[in-house]
Amino acid sequence: MKALFAAASVAALVCVVPAVSQAQPLAQSITNGRAYGSLGYAQTDGSGVDLGSIQGRLGYRFNNWVGVEGEGAFGVKDDDVTIAGTDVNVDLKHQFAGYVVGFAPVGANTDLIARFGYGTTKIKGSAGGISASDDGESWNYGLGAQHHFDGVNGVRIDWTRHDFDGGNADVWSVAYTRKF
């Protein structure tokens, strides 16, 4: 699966390079709002565990309809669960993913968003002085919306499903977003 993630990352870069090297220089395309970033909070609900994280995204829109984005999150809220009569503290260490994003403009500064991608997540569990961590790879898909109040600064809300082998997680996020 790691090879698949690497291949998807290379494919995304292959798509970005031609778009960046179009007739207009990179600096001009950036000022036209094609590059964007966001920073916000994400709540993850997976198999009875609720985890919170700070989430950041960097993306590039090739046109009004299609773009790519990378996402990273680091846990800030853990959860205590009982497994087989033992209290276990669960913590999100990190989550990284890459997405192809579809945009549906519904107004001058408002978009509906659909995205599909692949990611990796690392969690840690601790109980009675013993801890263990595990990585999981997932296919991710989701829906959301964003609105830029002044054409540059805005807010984005979305839901993303992470489908792991043997389980899934729903991630709800709200973020400040900025076009560059």
# chains A, B, ... in the order shown; residues from 1 in each chain; ligands from 1
>>> select_by_dssp(residues="chain A", states="alpha helix (DSSP H)", output="list in words")
Lys2, Ala3, Leu4, Phe5, Ala6, Ala7, Ala8, Ser9, Val10, Ala11, Ala12, Leu13, Val14, Cys15, Val16, Val17, Pro18, Ala19, Val20, Leu26, Ala27, Gln28, Ser29, Ile30 and Thr31 of chain A
>>> write_last_selection(atoms="C-alpha atoms", output="mmCIF file, in the first residue's frame")
data_model
loop_
_atom_site.group_PDB
_atom_site.id
_atom_site.type_symbol
_atom_site.label_atom_id
_atom_site.label_comp_id
_atom_site.auth_asym_id
_atom_site.auth_seq_id
_atom_site.Cartn_x
_atom_site.Cartn_y
_atom_site.Cartn_z
ATOM 1 C CA LYS A 2 2.901 2.390 0.657
ATOM 2 C CA ALA A 3 4.011 1.882 -2.948
ATOM 3 C CA LEU A 4 0.480 2.788 -4.062
ATOM 4 C CA PHE A 5 0.571 5.970 -1.960
ATOM 5 C CA ALA A 6 3.952 6.887 -3.485
ATOM 6 C CA ALA A 7 2.602 6.254 -6.994
ATOM 7 C CA ALA A 8 -0.471 8.413 -6.283
ATOM 8 C CA SER A 9 1.796 11.204 -4.992
ATOM 9 C CA VAL A 10 3.957 11.062 -8.121
ATOM 10 C CA ALA A 11 0.830 11.103 -10.295
ATOM 11 C CA ALA A 12 -0.426 14.196 -8.465
ATOM 12 C CA LEU A 13 2.926 15.929 -9.005
ATOM 13 C CA VAL A 14 2.890 14.994 -12.695
ATOM 14 C CA CYS A 15 -0.481 16.754 -12.933
ATOM 15 C CA VAL A 16 0.702 19.830 -11.025
ATOM 16 C CA VAL A 17 3.893 20.493 -13.021
ATOM 17 C CA PRO A 18 2.172 21.023 -16.410
ATOM 18 C CA ALA A 19 -0.500 23.201 -14.801
ATOM 19 C CA VAL A 20 2.119 25.370 -13.128
ATOM 20 C CA LEU A 26 3.772 30.769 -11.389
ATOM 21 C CA ALA A 27 3.764 34.027 -9.407
ATOM 22 C CA GLN A 28 0.858 35.346 -11.471
ATOM 23 C CA SER A 29 -1.133 32.093 -11.114
ATOM 24 C CA ILE A 30 -0.647 32.196 -7.361
ATOM 25 C CA THR A 31 -1.964 35.747 -7.149
#
>>> residues_around(residues="Ala97 in chain A", least_positions_apart="3", cutoff="9 Å", atoms="only C-alpha atoms", output="VMD selection string")
chain A and resid 5 69 to 72 117 to 121 138 140
>>> write_last_selection(atoms="C-alpha atoms", output="JSON list (two decimals), in the first residue's frame")
[["chain", "number", "residue", "atom", "x", "y", "z"],
["A", 5, "PHE", "CA", 0.57, 5.97, -1.96],
["A", 69, "GLU", "CA", -4.53, 18.99, -2.17],
["A", 70, "GLY", "CA", -2.31, 17.55, 0.51],
["A", 71, "GLU", "CA", -3.47, 17.27, 4.10],
["A", 72, "GLY", "CA", -1.77, 16.73, 7.43],
["A", 117, "GLY", "CA", -7.64, 10.31, -2.06],
["A", 118, "TYR", "CA", -5.35, 8.03, -0.15],
["A", 119, "GLY", "CA", -3.82, 8.49, 3.28],
["A", 120, "THR", "CA", -2.00, 7.07, 6.25],
["A", 121, "THR", "CA", -2.83, 7.42, 9.94],
["A", 138, "SER", "CA", -6.97, 4.21, 3.87],
["A", 140, "ASN", "CA", -10.62, 8.53, 1.65]]
>>> closest_residue(among="A:Gly75, A:Gly144, A:Val68, A:Ser173", to="Ile113 in chain A", atoms="only C-alpha atoms")
A:Gly144
>>> decode(residues="range 113-162 of chain A", atoms="N, CA and C atoms", output="PDB file, in the first residue's frame")
ATOM      1  N   ILE A 113     -17.638  20.986  -2.541  1.00  0.00           N
ATOM      2  CA  ILE A 113     -16.390  20.251  -2.737  1.00  0.00           C
ATOM      3  C   ILE A 113     -16.658  18.754  -2.625  1.00  0.00           C
ATOM      4  N   ALA A 114     -16.040  17.987  -3.526  1.00  0.00           N
ATOM      5  CA  ALA A 114     -15.995  16.532  -3.414  1.00  0.00           C
ATOM      6  C   ALA A 114     -14.539  16.143  -3.595  1.00  0.00           C
ATOM      7  N   ARG A 115     -14.069  15.168  -2.799  1.00  0.00           N
ATOM      8  CA  ARG A 115     -12.665  14.796  -2.924  1.00  0.00           C
ATOM      9  C   ARG A 115     -12.470  13.303  -2.715  1.00  0.00           C
ATOM     10  N   PHE A 116     -11.408  12.789  -3.330  1.00  0.00           N
ATOM     11  CA  PHE A 116     -11.067  11.378  -3.242  1.00  0.00           C
ATOM     12  C   PHE A 116      -9.555  11.275  -3.144  1.00  0.00           C
ATOM     13  N   GLY A 117      -9.078  10.436  -2.205  1.00  0.00           N
ATOM     14  CA  GLY A 117      -7.642  10.312  -2.057  1.00  0.00           C
ATOM     15  C   GLY A 117      -7.225   9.112  -1.238  1.00  0.00           C
ATOM     16  N   TYR A 118      -5.960   9.136  -0.874  1.00  0.00           N
ATOM     17  CA  TYR A 118      -5.347   8.030  -0.155  1.00  0.00           C
ATOM     18  C   TYR A 118      -4.516   8.598   0.978  1.00  0.00           C
ATOM     19  N   GLY A 119      -4.542   7.944   2.146  1.00  0.00           N
ATOM     20  CA  GLY A 119      -3.819   8.489   3.282  1.00  0.00           C
ATOM     21  C   GLY A 119      -3.279   7.435   4.228  1.00  0.00           C
ATOM     22  N   THR A 120      -2.550   7.915   5.202  1.00  0.00           N
ATOM     23  CA  THR A 120      -2.001   7.067   6.247  1.00  0.00           C
ATOM     24  C   THR A 120      -2.241   7.739   7.596  1.00  0.00           C
ATOM     25  N   THR A 121      -2.521   6.923   8.604  1.00  0.00           N
ATOM     26  CA  THR A 121      -2.834   7.419   9.941  1.00  0.00           C
ATOM     27  C   THR A 121      -2.051   6.611  10.963  1.00  0.00           C
ATOM     28  N   LYS A 122      -1.530   7.286  11.987  1.00  0.00           N
ATOM     29  CA  LYS A 122      -0.841   6.594  13.073  1.00  0.00           C
ATOM     30  C   LYS A 122      -1.524   6.939  14.387  1.00  0.00           C
ATOM     31  N   ILE A 123      -1.902   5.903  15.140  1.00  0.00           N
ATOM     32  CA  ILE A 123      -2.503   6.104  16.455  1.00  0.00           C
ATOM     33  C   ILE A 123      -1.667   5.373  17.501  1.00  0.00           C
ATOM     34  N   LYS A 124      -1.835   5.800  18.750  1.00  0.00           N
ATOM     35  CA  LYS A 124      -1.110   5.188  19.864  1.00  0.00           C
ATOM     36  C   LYS A 124      -2.113   4.885  20.966  1.00  0.00           C
ATOM     37  N   GLY A 125      -1.993   3.697  21.537  1.00  0.00           N
ATOM     38  CA  GLY A 125      -2.826   3.304  22.659  1.00  0.00           C
ATOM     39  C   GLY A 125      -1.962   3.026  23.866  1.00  0.00           C
ATOM     40  N   SER A 126      -2.409   3.464  25.059  1.00  0.00           N
ATOM     41  CA  SER A 126      -1.655   3.257  26.298  1.00  0.00           C
ATOM     42  C   SER A 126      -2.584   2.741  27.383  1.00  0.00           C
ATOM     43  N   ALA A 127      -2.081   1.744  28.134  1.00  0.00           N
ATOM     44  CA  ALA A 127      -2.840   1.196  29.260  1.00  0.00           C
ATOM     45  C   ALA A 127      -1.864   0.583  30.255  1.00  0.00           C
ATOM     46  N   GLY A 128      -2.008   0.935  31.522  1.00  0.00           N
ATOM     47  CA  GLY A 128      -1.194   0.333  32.575  1.00  0.00           C
ATOM     48  C   GLY A 128       0.301   0.457  32.360  1.00  0.00           C
ATOM     49  N   GLY A 129       0.758   1.577  31.835  1.00  0.00           N
ATOM     50  CA  GLY A 129       2.179   1.789  31.616  1.00  0.00           C
ATOM     51  C   GLY A 129       2.724   1.137  30.354  1.00  0.00           C
ATOM     52  N   ILE A 130       1.875   0.489  29.584  1.00  0.00           N
ATOM     53  CA  ILE A 130       2.295  -0.142  28.328  1.00  0.00           C
ATOM     54  C   ILE A 130       1.635   0.615  27.185  1.00  0.00           C
ATOM     55  N   SER A 131       2.410   0.873  26.139  1.00  0.00           N
ATOM     56  CA  SER A 131       1.833   1.567  24.988  1.00  0.00           C
ATOM     57  C   SER A 131       2.232   0.852  23.698  1.00  0.00           C
ATOM     58  N   ALA A 132       1.400   1.030  22.701  1.00  0.00           N
ATOM     59  CA  ALA A 132       1.646   0.475  21.373  1.00  0.00           C
ATOM     60  C   ALA A 132       1.072   1.436  20.353  1.00  0.00           C
ATOM     61  N   SER A 133       1.701   1.478  19.191  1.00  0.00           N
ATOM     62  CA  SER A 133       1.179   2.323  18.123  1.00  0.00           C
ATOM     63  C   SER A 133       0.992   1.482  16.867  1.00  0.00           C
ATOM     64  N   ASP A 134       0.143   1.991  15.986  1.00  0.00           N
ATOM     65  CA  ASP A 134      -0.160   1.268  14.761  1.00  0.00           C
ATOM     66  C   ASP A 134      -0.416   2.273  13.653  1.00  0.00           C
ATOM     67  N   ASP A 135      -0.026   1.897  12.433  1.00  0.00           N
ATOM     68  CA  ASP A 135      -0.278   2.694  11.241  1.00  0.00           C
ATOM     69  C   ASP A 135      -1.399   2.049  10.452  1.00  0.00           C
ATOM     70  N   GLY A 136      -2.206   2.849   9.811  1.00  0.00           N
ATOM     71  CA  GLY A 136      -3.254   2.342   8.935  1.00  0.00           C
ATOM     72  C   GLY A 136      -3.307   3.167   7.677  1.00  0.00           C
ATOM     73  N   GLU A 137      -3.477   2.500   6.549  1.00  0.00           N
ATOM     74  CA  GLU A 137      -3.616   3.182   5.273  1.00  0.00           C
ATOM     75  C   GLU A 137      -5.073   3.100   4.849  1.00  0.00           C
ATOM     76  N   SER A 138      -5.547   4.158   4.184  1.00  0.00           N
ATOM     77  CA  SER A 138      -6.974   4.212   3.865  1.00  0.00           C
ATOM     78  C   SER A 138      -7.237   4.920   2.549  1.00  0.00           C
ATOM     79  N   TRP A 139      -8.324   4.505   1.907  1.00  0.00           N
ATOM     80  CA  TRP A 139      -8.899   5.255   0.803  1.00  0.00           C
ATOM     81  C   TRP A 139      -9.887   6.227   1.431  1.00  0.00           C
ATOM     82  N   ASN A 140      -9.816   7.482   1.028  1.00  0.00           N
ATOM     83  CA  ASN A 140     -10.620   8.530   1.654  1.00  0.00           C
ATOM     84  C   ASN A 140     -11.495   9.219   0.609  1.00  0.00           C
ATOM     85  N   TYR A 141     -12.701   9.596   1.025  1.00  0.00           N
ATOM     86  CA  TYR A 141     -13.593  10.352   0.146  1.00  0.00           C
ATOM     87  C   TYR A 141     -14.482  11.224   1.013  1.00  0.00           C
ATOM     88  N   GLY A 142     -14.882  12.364   0.459  1.00  0.00           N
ATOM     89  CA  GLY A 142     -15.699  13.249   1.265  1.00  0.00           C
ATOM     90  C   GLY A 142     -16.364  14.361   0.489  1.00  0.00           C
ATOM     91  N   LEU A 143     -17.176  15.130   1.223  1.00  0.00           N
ATOM     92  CA  LEU A 143     -17.935  16.255   0.683  1.00  0.00           C
ATOM     93  C   LEU A 143     -17.801  17.449   1.614  1.00  0.00           C
ATOM     94  N   GLY A 144     -17.945  18.636   1.059  1.00  0.00           N
ATOM     95  CA  GLY A 144     -17.890  19.822   1.892  1.00  0.00           C
ATOM     96  C   GLY A 144     -18.300  21.061   1.132  1.00  0.00           C
ATOM     97  N   ALA A 145     -18.075  22.204   1.769  1.00  0.00           N
ATOM     98  CA  ALA A 145     -18.377  23.499   1.164  1.00  0.00           C
ATOM     99  C   ALA A 145     -17.406  24.529   1.717  1.00  0.00           C
ATOM    100  N   GLN A 146     -17.166  25.559   0.927  1.00  0.00           N
ATOM    101  CA  GLN A 146     -16.330  26.666   1.393  1.00  0.00           C
ATOM    102  C   GLN A 146     -16.893  27.977   0.870  1.00  0.00           C
ATOM    103  N   HIS A 147     -16.667  29.018   1.646  1.00  0.00           N
ATOM    104  CA  HIS A 147     -17.091  30.354   1.246  1.00  0.00           C
ATOM    105  C   HIS A 147     -15.980  31.333   1.607  1.00  0.00           C
ATOM    106  N   HIS A 148     -15.566  32.150   0.640  1.00  0.00           N
ATOM    107  CA  HIS A 148     -14.552  33.184   0.859  1.00  0.00           C
ATOM    108  C   HIS A 148     -15.267  34.529   0.960  1.00  0.00           C
ATOM    109  N   PHE A 149     -15.220  35.106   2.148  1.00  0.00           N
ATOM    110  CA  PHE A 149     -15.972  36.333   2.438  1.00  0.00           C
ATOM    111  C   PHE A 149     -15.545  37.514   1.586  1.00  0.00           C
ATOM    112  N   ASP A 150     -14.238  37.635   1.375  1.00  0.00           N
ATOM    113  CA  ASP A 150     -13.722  38.760   0.597  1.00  0.00           C
ATOM    114  C   ASP A 150     -13.026  38.292  -0.677  1.00  0.00           C
ATOM    115  N   GLY A 151     -13.283  37.064  -1.096  1.00  0.00           N
ATOM    116  CA  GLY A 151     -12.632  36.515  -2.276  1.00  0.00           C
ATOM    117  C   GLY A 151     -11.298  35.862  -1.968  1.00  0.00           C
ATOM    118  N   VAL A 152     -10.753  36.091  -0.777  1.00  0.00           N
ATOM    119  CA  VAL A 152      -9.447  35.531  -0.398  1.00  0.00           C
ATOM    120  C   VAL A 152      -9.535  34.746   0.909  1.00  0.00           C
ATOM    121  N   ASN A 153     -10.135  35.328   1.927  1.00  0.00           N
ATOM    122  CA  ASN A 153     -10.240  34.704   3.258  1.00  0.00           C
ATOM    123  C   ASN A 153     -11.623  34.095   3.437  1.00  0.00           C
ATOM    124  N   GLY A 154     -11.656  32.872   3.991  1.00  0.00           N
ATOM    125  CA  GLY A 154     -12.953  32.243   4.138  1.00  0.00           C
ATOM    126  C   GLY A 154     -12.972  31.116   5.146  1.00  0.00           C
ATOM    127  N   VAL A 155     -14.043  30.331   5.070  1.00  0.00           N
ATOM    128  CA  VAL A 155     -14.249  29.199   5.967  1.00  0.00           C
ATOM    129  C   VAL A 155     -14.614  27.986   5.120  1.00  0.00           C
ATOM    130  N   ARG A 156     -14.166  26.816   5.593  1.00  0.00           N
ATOM    131  CA  ARG A 156     -14.461  25.558   4.914  1.00  0.00           C
ATOM    132  C   ARG A 156     -14.940  24.545   5.948  1.00  0.00           C
ATOM    133  N   ILE A 157     -16.003  23.820   5.600  1.00  0.00           N
ATOM    134  CA  ILE A 157     -16.472  22.713   6.446  1.00  0.00           C
ATOM    135  C   ILE A 157     -16.548  21.479   5.555  1.00  0.00           C
ATOM    136  N   ASP A 158     -16.215  20.323   6.117  1.00  0.00           N
ATOM    137  CA  ASP A 158     -16.333  19.106   5.323  1.00  0.00           C
ATOM    138  C   ASP A 158     -16.368  17.857   6.184  1.00  0.00           C
ATOM    139  N   TRP A 159     -16.754  16.780   5.526  1.00  0.00           N
ATOM    140  CA  TRP A 159     -16.781  15.444   6.098  1.00  0.00           C
ATOM    141  C   TRP A 159     -15.964  14.546   5.183  1.00  0.00           C
ATOM    142  N   THR A 160     -15.118  13.691   5.772  1.00  0.00           N
ATOM    143  CA  THR A 160     -14.319  12.751   4.997  1.00  0.00           C
ATOM    144  C   THR A 160     -14.399  11.376   5.650  1.00  0.00           C
ATOM    145  N   ARG A 161     -14.664  10.351   4.865  1.00  0.00           N
ATOM    146  CA  ARG A 161     -14.677   8.967   5.330  1.00  0.00           C
ATOM    147  C   ARG A 161     -13.310   8.357   4.996  1.00  0.00           C
ATOM    148  N   HIS A 162     -12.678   7.746   5.997  1.00  0.00           N
ATOM    149  CA  HIS A 162     -11.422   7.018   5.819  1.00  0.00           C
ATOM    150  C   HIS A 162     -11.766   5.528   5.892  1.00  0.00           C
TER     151      HIS A 162
END
